[in-house]
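Shown below: model-v4.tsv, with TSV, N, CA and C atoms and all ligand atoms.
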chain	number	residue	atom	x	y	z
A	292	MET	N	-23.50	21.44	3.44
A	292	MET	CA	-23.53	20.72	2.16
A	292	MET	C	-23.49	19.22	2.41
A	293	LYS	N	-24.39	18.53	1.74
A	293	LYS	CA	-24.42	17.07	1.90
A	293	LYS	C	-23.32	16.43	1.05
A	294	PRO	N	-22.67	15.43	1.57
A	294	PRO	CA	-21.66	14.77	0.74
A	294	PRO	C	-22.30	14.02	-0.41
A	295	GLY	N	-21.99	14.41	-1.61
A	295	GLY	CA	-22.53	13.75	-2.79
A	295	GLY	C	-21.57	12.72	-3.32
A	296	PRO	N	-21.92	12.11	-4.41
A	296	PRO	CA	-21.05	11.07	-5.02
A	296	PRO	C	-19.67	11.61	-5.37
A	297	MET	N	-19.61	12.90	-5.76
A	297	MET	CA	-18.31	13.45	-6.14
A	297	MET	C	-17.37	13.50	-4.94
A	298	THR	N	-17.94	13.81	-3.77
A	298	THR	CA	-17.11	13.88	-2.56
A	298	THR	C	-16.48	12.52	-2.27
A	299	PHE	N	-17.30	11.50	-2.37
A	299	PHE	CA	-16.76	10.16	-2.11
A	299	PHE	C	-15.71	9.78	-3.14
A	300	ALA	N	-15.94	10.18	-4.38
A	300	ALA	CA	-14.95	9.90	-5.43
A	300	ALA	C	-13.64	10.60	-5.12
A	301	ALA	N	-13.74	11.87	-4.66
A	301	ALA	CA	-12.53	12.63	-4.35
A	301	ALA	C	-11.77	11.97	-3.19
A	302	ILE	N	-12.50	11.51	-2.19
A	302	ILE	CA	-11.85	10.85	-1.05
A	302	ILE	C	-11.15	9.57	-1.51
A	303	ALA	N	-11.81	8.83	-2.39
A	303	ALA	CA	-11.22	7.59	-2.89
A	303	ALA	C	-9.94	7.87	-3.65
A	304	ILE	N	-9.95	8.95	-4.44
A	304	ILE	CA	-8.75	9.30	-5.21
A	304	ILE	C	-7.63	9.72	-4.26
A	305	LEU	N	-7.97	10.55	-3.27
A	305	LEU	CA	-6.96	11.00	-2.31
A	305	LEU	C	-6.37	9.82	-1.56
A	306	THR	N	-7.22	8.91	-1.11
A	306	THR	CA	-6.75	7.74	-0.37
A	306	THR	C	-5.81	6.92	-1.25
A	307	GLY	N	-6.19	6.77	-2.50
A	307	GLY	CA	-5.35	6.02	-3.42
A	307	GLY	C	-4.00	6.68	-3.61
A	308	MET	N	-4.00	8.03	-3.68
A	308	MET	CA	-2.73	8.75	-3.86
A	308	MET	C	-1.84	8.58	-2.65
A	309	LEU	N	-2.42	8.68	-1.46
A	309	LEU	CA	-1.62	8.53	-0.25
A	309	LEU	C	-1.03	7.13	-0.20
A	310	GLY	N	-1.83	6.16	-0.59
A	310	GLY	CA	-1.34	4.78	-0.59
A	310	GLY	C	-0.17	4.61	-1.53
A	311	ALA	N	-0.18	5.36	-2.62
A	311	ALA	CA	0.88	5.22	-3.61
A	311	ALA	C	2.20	5.81	-3.12
A	312	VAL	N	2.12	6.79	-2.22
A	312	VAL	CA	3.34	7.43	-1.73
A	312	VAL	C	4.16	6.44	-0.91
A	313	SER	N	3.51	5.71	-0.02
A	313	SER	CA	4.23	4.78	0.84
A	313	SER	C	3.48	3.46	0.91
A	314	PRO	N	3.56	2.67	-0.15
A	314	PRO	CA	2.80	1.42	-0.17
A	314	PRO	C	3.22	0.44	0.90
A	315	SER	N	4.40	0.67	1.48
A	315	SER	CA	4.92	-0.30	2.44
A	315	SER	C	4.39	-0.08	3.85
A	316	PHE	N	3.76	1.06	4.09
A	316	PHE	CA	3.31	1.35	5.45
A	316	PHE	C	2.33	0.30	5.95
A	317	GLY	N	2.50	-0.08	7.20
A	317	GLY	CA	1.55	-0.99	7.79
A	317	GLY	C	1.89	-2.45	7.59
A	318	GLU	N	2.96	-2.72	6.85
A	318	GLU	CA	3.36	-4.11	6.65
A	318	GLU	C	4.59	-4.41	7.49
A	319	ASP	N	4.72	-5.67	7.90
A	319	ASP	CA	5.85	-6.05	8.74
A	319	ASP	C	7.07	-6.45	7.93
A	320	GLU	N	6.82	-6.87	6.70
A	320	GLU	CA	7.94	-7.28	5.86
A	320	GLU	C	7.78	-6.72	4.45
A	321	ILE	N	8.87	-6.21	3.91
A	321	ILE	CA	8.88	-5.65	2.57
A	321	ILE	C	9.93	-6.40	1.76
A	322	GLN	N	9.63	-6.63	0.50
A	322	GLN	CA	10.57	-7.36	-0.34
A	322	GLN	C	11.20	-6.45	-1.38
A	323	VAL	N	12.49	-6.62	-1.57
A	323	VAL	CA	13.21	-5.96	-2.65
A	323	VAL	C	13.79	-7.06	-3.52
A	324	THR	N	13.48	-6.99	-4.80
A	324	THR	CA	13.98	-8.00	-5.73
A	324	THR	C	15.30	-7.54	-6.33
A	325	ILE	N	16.22	-8.45	-6.47
A	325	ILE	CA	17.47	-8.14	-7.18
A	325	ILE	C	17.38	-8.82	-8.53
A	326	ALA	N	17.38	-8.01	-9.60
A	326	ALA	CA	17.24	-8.54	-10.96
A	326	ALA	C	17.97	-7.65	-11.93
A	327	GLN	N	18.63	-8.26	-12.88
A	327	GLN	CA	19.34	-7.51	-13.93
A	327	GLN	C	20.23	-6.42	-13.35
A	328	ARG	N	20.97	-6.84	-12.33
A	328	ARG	CA	21.93	-5.93	-11.66
A	328	ARG	C	21.27	-4.69	-11.09
A	329	ARG	N	20.04	-4.85	-10.62
A	329	ARG	CA	19.37	-3.71	-9.99
A	329	ARG	C	18.61	-4.16	-8.75
A	330	PHE	N	18.45	-3.23	-7.82
A	330	PHE	CA	17.56	-3.43	-6.68
A	330	PHE	C	16.20	-2.85	-7.07
A	331	VAL	N	15.15	-3.64	-6.98
A	331	VAL	CA	13.83	-3.19	-7.40
A	331	VAL	C	12.80	-3.43	-6.29
A	332	PRO	N	12.19	-2.37	-5.74
A	332	PRO	CA	12.50	-0.97	-6.04
A	332	PRO	C	13.79	-0.54	-5.35
A	333	ALA	N	14.45	0.42	-5.94
A	333	ALA	CA	15.74	0.87	-5.42
A	333	ALA	C	15.55	1.71	-4.15
A	334	ARG	N	14.39	2.35	-4.03
A	334	ARG	CA	14.13	3.18	-2.84
A	334	ARG	C	12.83	2.75	-2.21
A	335	ILE	N	12.89	2.51	-0.91
A	335	ILE	CA	11.66	2.16	-0.20
A	335	ILE	C	11.57	2.98	1.08
A	336	THR	N	10.36	3.16	1.55
A	336	THR	CA	10.11	3.84	2.82
A	336	THR	C	9.34	2.87	3.71
A	337	VAL	N	9.87	2.64	4.89
A	337	VAL	CA	9.23	1.68	5.81
A	337	VAL	C	9.17	2.28	7.21
A	338	ARG	N	8.33	1.70	8.01
A	338	ARG	CA	8.26	2.11	9.41
A	338	ARG	C	9.32	1.38	10.22
A	339	THR	N	9.71	2.00	11.35
A	339	THR	CA	10.65	1.36	12.27
A	339	THR	C	10.11	-0.01	12.67
A	340	GLY	N	10.99	-0.98	12.69
A	340	GLY	CA	10.59	-2.33	13.06
A	340	GLY	C	10.28	-3.22	11.87
A	341	THR	N	10.30	-2.64	10.68
A	341	THR	CA	10.00	-3.42	9.46
A	341	THR	C	11.22	-4.26	9.07
A	342	THR	N	10.93	-5.47	8.63
A	342	THR	CA	11.98	-6.33	8.08
A	342	THR	C	11.96	-6.21	6.56
A	343	VAL	N	13.13	-6.00	5.99
A	343	VAL	CA	13.25	-5.95	4.53
A	343	VAL	C	13.94	-7.23	4.07
A	344	ARG	N	13.34	-7.87	3.07
A	344	ARG	CA	13.90	-9.11	2.53
A	344	ARG	C	14.37	-8.86	1.10
A	345	TRP	N	15.66	-9.04	0.88
A	345	TRP	CA	16.21	-8.91	-0.47
A	345	TRP	C	16.26	-10.30	-1.09
A	346	ILE	N	15.67	-10.42	-2.26
A	346	ILE	CA	15.59	-11.71	-2.94
A	346	ILE	C	16.36	-11.64	-4.26
A	347	ASN	N	17.34	-12.50	-4.38
A	347	ASN	CA	18.11	-12.53	-5.63
A	347	ASN	C	17.37	-13.40	-6.65
A	348	SER	N	16.82	-12.75	-7.66
A	348	SER	CA	16.08	-13.50	-8.68
A	348	SER	C	16.88	-13.64	-9.98
A	349	GLU	N	18.19	-13.40	-9.88
A	349	GLU	CA	19.04	-13.59	-11.06
A	349	GLU	C	19.17	-15.08	-11.37
A	350	ARG	N	19.57	-15.40	-12.59
A	350	ARG	CA	19.80	-16.81	-12.92
A	350	ARG	C	21.19	-17.25	-12.49
A	351	ARG	N	22.17	-16.35	-12.62
A	351	ARG	CA	23.54	-16.77	-12.34
A	351	ARG	C	24.29	-15.85	-11.38
A	352	MET	N	23.93	-14.59	-11.34
A	352	MET	CA	24.79	-13.62	-10.66
A	352	MET	C	24.52	-13.51	-9.16
A	353	GLY	N	25.59	-13.60	-8.38
A	353	GLY	CA	25.48	-13.38	-6.95
A	353	GLY	C	25.61	-11.90	-6.63
A	354	HIS	N	24.92	-11.46	-5.60
A	354	HIS	CA	24.96	-10.05	-5.19
A	354	HIS	C	25.05	-9.97	-3.68
A	355	SER	N	25.23	-8.75	-3.18
A	355	SER	CA	25.18	-8.57	-1.74
A	355	SER	C	24.49	-7.25	-1.44
A	356	VAL	N	24.23	-7.03	-0.17
A	356	VAL	CA	23.62	-5.78	0.30
A	356	VAL	C	24.56	-5.23	1.35
A	357	ARG	N	25.19	-4.09	1.04
A	357	ARG	CA	26.20	-3.54	1.95
A	357	ARG	C	25.85	-2.11	2.32
A	358	PHE	N	25.59	-1.91	3.60
A	358	PHE	CA	25.30	-0.58	4.11
A	358	PHE	C	26.60	0.04	4.60
A	359	SER	N	26.85	1.25	4.18
A	359	SER	CA	28.09	1.92	4.58
A	359	SER	C	27.82	2.86	5.75
A	360	GLY	N	28.84	3.59	6.14
A	360	GLY	CA	28.67	4.55	7.21
A	360	GLY	C	28.89	3.91	8.56
A	361	PRO	N	28.80	4.74	9.63
A	361	PRO	CA	29.00	4.23	10.98
A	361	PRO	C	27.98	3.13	11.29
A	362	GLY	N	28.43	2.08	11.89
A	362	GLY	CA	27.52	0.99	12.19
A	362	GLY	C	27.11	0.24	10.94
A	363	GLY	N	27.94	0.33	9.90
A	363	GLY	CA	27.63	-0.34	8.64
A	363	GLY	C	27.51	-1.85	8.84
A	364	PHE	N	26.72	-2.45	8.02
A	364	PHE	CA	26.52	-3.90	8.11
A	364	PHE	C	26.28	-4.40	6.71
A	365	GLN	N	26.47	-5.69	6.51
A	365	GLN	CA	26.26	-6.22	5.17
A	365	GLN	C	25.90	-7.69	5.19
A	366	SER	N	25.30	-8.11	4.11
A	366	SER	CA	25.00	-9.52	3.92
A	366	SER	C	26.26	-10.18	3.39
A	367	GLY	N	26.27	-11.49	3.35
A	367	GLY	CA	27.27	-12.17	2.56
A	367	GLY	C	26.80	-12.15	1.12
A	368	ILE	N	27.45	-12.92	0.28
A	368	ILE	CA	26.98	-13.01	-1.10
A	368	ILE	C	25.64	-13.75	-1.10
A	369	ILE	N	24.65	-13.14	-1.74
A	369	ILE	CA	23.32	-13.75	-1.88
A	369	ILE	C	23.29	-14.42	-3.25
A	370	LEU	N	23.28	-15.72	-3.26
A	370	LEU	CA	23.30	-16.45	-4.52
A	370	LEU	C	21.92	-16.43	-5.17
A	371	PRO	N	21.86	-16.70	-6.48
A	371	PRO	CA	20.56	-16.75	-7.15
A	371	PRO	C	19.59	-17.68	-6.41
A	372	GLY	N	18.38	-17.20	-6.19
A	372	GLY	CA	17.37	-17.99	-5.48
A	372	GLY	C	17.42	-17.83	-3.98
A	373	GLN	N	18.47	-17.21	-3.47
A	373	GLN	CA	18.56	-17.01	-2.03
A	373	GLN	C	18.07	-15.62	-1.64
A	374	ASN	N	17.91	-15.43	-0.34
A	374	ASN	CA	17.48	-14.11	0.13
A	374	ASN	C	18.15	-13.78	1.44
A	375	TRP	N	18.03	-12.52	1.84
A	375	TRP	CA	18.64	-12.04	3.08
A	375	TRP	C	17.72	-10.99	3.68
A	376	THR	N	17.59	-11.02	5.00
A	376	THR	CA	16.70	-10.05	5.64
A	376	THR	C	17.46	-9.19	6.65
A	377	HIS	N	16.93	-8.01	6.85
A	377	HIS	CA	17.43	-7.14	7.92
A	377	HIS	C	16.24	-6.37	8.48
A	378	THR	N	16.19	-6.27	9.80
A	378	THR	CA	15.12	-5.52	10.46
A	378	THR	C	15.66	-4.16	10.88
A	379	PHE	N	14.95	-3.12	10.51
A	379	PHE	CA	15.39	-1.75	10.80
A	379	PHE	C	14.74	-1.25	12.09
A	380	ASP	N	15.56	-1.09	13.12
A	380	ASP	CA	15.05	-0.72	14.44
A	380	ASP	C	15.15	0.77	14.75
A	381	LYS	N	15.85	1.51	13.88
A	381	LYS	CA	16.02	2.94	14.13
A	381	LYS	C	15.65	3.74	12.89
A	382	PRO	N	14.96	4.86	13.09
A	382	PRO	CA	14.65	5.72	11.95
A	382	PRO	C	15.92	6.26	11.31
A	383	GLY	N	15.87	6.56	10.05
A	383	GLY	CA	17.02	7.13	9.37
A	383	GLY	C	17.01	6.82	7.89
A	384	ILE	N	18.02	7.34	7.21
A	384	ILE	CA	18.20	7.07	5.78
A	384	ILE	C	19.36	6.10	5.66
A	385	TYR	N	19.10	4.96	5.09
A	385	TYR	CA	20.12	3.93	4.96
A	385	TYR	C	20.40	3.69	3.47
A	386	THR	N	21.59	4.07	3.04
A	386	THR	CA	21.94	3.82	1.65
A	386	THR	C	22.82	2.58	1.58
A	387	TYR	N	22.68	1.85	0.49
A	387	TYR	CA	23.44	0.63	0.37
A	387	TYR	C	23.86	0.39	-1.08
A	388	SER	N	24.79	-0.52	-1.23
A	388	SER	CA	25.24	-0.90	-2.56
A	388	SER	C	25.50	-2.40	-2.53
A	389	CYS	N	25.99	-2.91	-3.64
A	389	CYS	CA	26.33	-4.32	-3.75
A	389	CYS	C	27.85	-4.41	-3.76
A	390	ALA	N	28.43	-5.23	-2.89
A	390	ALA	CA	29.88	-5.27	-2.79
A	390	ALA	C	30.56	-5.65	-4.11
A	391	PRO	N	30.12	-6.71	-4.80
A	391	PRO	CA	30.76	-7.03	-6.08
A	391	PRO	C	30.46	-6.03	-7.19
A	392	HIS	N	29.35	-5.30	-7.07
A	392	HIS	CA	28.95	-4.35	-8.12
A	392	HIS	C	28.59	-3.02	-7.45
A	393	PRO	N	29.59	-2.21	-7.15
A	393	PRO	CA	29.32	-0.97	-6.40
A	393	PRO	C	28.40	0.02	-7.11
A	394	ASP	N	28.19	-0.19	-8.42
A	394	ASP	CA	27.28	0.69	-9.15
A	394	ASP	C	25.83	0.36	-8.85
A	395	MET	N	25.58	-0.78	-8.24
A	395	MET	CA	24.21	-1.13	-7.83
A	395	MET	C	23.94	-0.44	-6.49
A	396	ARG	N	22.92	0.41	-6.48
A	396	ARG	CA	22.65	1.18	-5.26
A	396	ARG	C	21.19	1.17	-4.91
A	397	GLY	N	20.94	1.32	-3.60
A	397	GLY	CA	19.58	1.38	-3.12
A	397	GLY	C	19.50	2.19	-1.85
A	398	MET	N	18.27	2.43	-1.39
A	398	MET	CA	18.08	3.22	-0.18
A	398	MET	C	16.86	2.75	0.57
A	399	VAL	N	17.00	2.71	1.88
A	399	VAL	CA	15.86	2.41	2.75
A	399	VAL	C	15.65	3.61	3.66
A	400	GLU	N	14.50	4.24	3.57
A	400	GLU	CA	14.15	5.32	4.50
A	400	GLU	C	13.28	4.72	5.59
A	401	VAL	N	13.74	4.84	6.82
A	401	VAL	CA	13.00	4.28	7.94
A	401	VAL	C	12.38	5.44	8.73
A	402	THR	N	11.07	5.46	8.79
A	402	THR	CA	10.37	6.52	9.51
A	402	THR	C	10.01	6.04	10.91
A	403	GLU	N	9.49	6.95	11.74
A	403	GLU	CA	9.14	6.63	13.12
A	403	GLU	C	8.14	5.50	13.18
B	501	CU	CU	25.61	-7.13	-7.39

As structure tokens - that is how I would like this structure written.
Ligand SMILES: [Cu+2]
Amino acid sequence: MKPGPMTFAAIAILTGMLGAVSPSFGEDEIQVTIAQRRFVPARITVRTGTTVRWINSERRMGHSVRFSGPGGFQSGIILPGQNWTHTFDKPGIYTYSCAPHPDMRGMVEVTE
């Protein structure tokens, strides 16, 4: 069977869907915005070696990024307009919260 226009359309749709699952793949740096007491997006998937940059876009509120568990690490307070980065060197599921606002939660899934 010769590939017709429909085949190409189907491939384009499939490619688009795969891209939507992990839009961060293939990039060296990913940004997470902090706004209205939320991490946006709250969940991201990145490859090992990716740097994640958290940007506080609030007008007044300071936040932090605190990873719990063994080997936990955290930022200091990130003031409005400031940012903080961390590079993920090991695969795993990393959950985090904000020290001043523990109800603010996020997750970084690091794949191979
Ligand atoms: Cu906060």

Exercise. Residues within 6.5 Å of ligand CU 501 (chain B) (only N, CA and C atoms and all ligand atoms), as a ChimeraX atom specification?
Worked result: /A:328,353-355,389-393,395

For this session: Tell me, in Å to one decimal, how far CA of Thr378 (chain A) is from atom N of Thr324 (chain A).
Result: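 These two atoms are separated by 15.4 Å.
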
Exercise. Any idea what the distance is between atom N of Ala326 (chain A) and atom C of Ser359 (chain A)?
Worked result: 21.5 Å

Problem set entry | Near-Gln373 (chain A) list (7 Å; all atoms listed in the file; drop same-chain fewer than 3 positions) as a PyMOL selection string | chain A and resi 345-348+369-370

Exercise. So which one's closest to Asp380 (chain A), A:Gln322, A:Val401, A:Asp394, A:Gln327? Using all atoms listed in the file, please.
Worked result: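 Between A:Gln322, A:Val401, A:Asp394, A:Gln327, the residue approaching Asp380 (chain A) most closely is A:Val401.
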
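DSSP annotation of region 314-360 of chain A from backbone atoms: strand (DSSP E or B) residues are Glu320, Ile321, Gln322, Val323, Thr324, Ile325, Ala326, Arg329, Phe330, Val331, Arg334, Ile335, Thr336, Val337, Arg338, Thr342, Val343, Arg344, Trp345, Ile346, Asn347, His354, Arg357 and Phe358 of chain A.
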
For this session: For atom C of Pro371 (chain A) and atom N of Ile384 (chain A), determine how far apart the two atoms are, in Å to one decimal place.
Result: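 Computed distance, atom C of Pro371 (chain A) to atom N of Ile384 (chain A), equals 28.5 Å.
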
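Take the candidates A:Pro382, A:Gly340, A:Pro361, A:Gly367 and check each one against Asp319 (chain A) using only N, CA and C atoms; the shortest distance goes to A:Gly340.
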
Could you work out an axis-aligned box for region 349-361 of chain A, taking every atom the file lists and adding 6 Å on each side, and report centre and edge lengths in Å to one decimal, as lines of an AutoDock Vina configuration file?
center_x = 23.6
center_y = -6.3
center_z = -0.8
size_x = 22.8
size_y = 34.0
size_z = 36.2

Might you pull out every residue within 5 Å of region 331-337 of chain A, with only N, CA and C atoms counted and same-chain residues fewer than 2 positions away left off, and present them as a tab-separated table (two decimals) with N, CA and C atoms, keeping the file's coordinate frame?
chain	number	residue	atom	x	y	z
A	323	VAL	N	12.49	-6.62	-1.57
A	323	VAL	CA	13.21	-5.96	-2.65
A	323	VAL	C	13.79	-7.06	-3.52
A	324	THR	N	13.48	-6.99	-4.80
A	324	THR	CA	13.98	-8.00	-5.73
A	324	THR	C	15.30	-7.54	-6.33
A	325	ILE	N	16.22	-8.45	-6.47
A	325	ILE	CA	17.47	-8.14	-7.18
A	325	ILE	C	17.38	-8.82	-8.53
A	329	ARG	N	20.04	-4.85	-10.62
A	329	ARG	CA	19.37	-3.71	-9.99
A	329	ARG	C	18.61	-4.16	-8.75
A	339	THR	N	9.71	2.00	11.35
A	339	THR	CA	10.65	1.36	12.27
A	339	THR	C	10.11	-0.01	12.67
A	397	GLY	N	20.94	1.32	-3.60
A	397	GLY	CA	19.58	1.38	-3.12
A	397	GLY	C	19.50	2.19	-1.85
A	398	MET	N	18.27	2.43	-1.39
A	398	MET	CA	18.08	3.22	-0.18
A	398	MET	C	16.86	2.75	0.57
A	399	VAL	N	17.00	2.71	1.88
A	399	VAL	CA	15.86	2.41	2.75
A	399	VAL	C	15.65	3.61	3.66
A	400	GLU	N	14.50	4.24	3.57
A	400	GLU	CA	14.15	5.32	4.50
A	400	GLU	C	13.28	4.72	5.59
A	401	VAL	N	13.74	4.84	6.82
A	401	VAL	CA	13.00	4.28	7.94
A	401	VAL	C	12.38	5.44	8.73
A	402	THR	N	11.07	5.46	8.79
A	402	THR	CA	10.37	6.52	9.51
A	402	THR	C	10.01	6.04	10.91
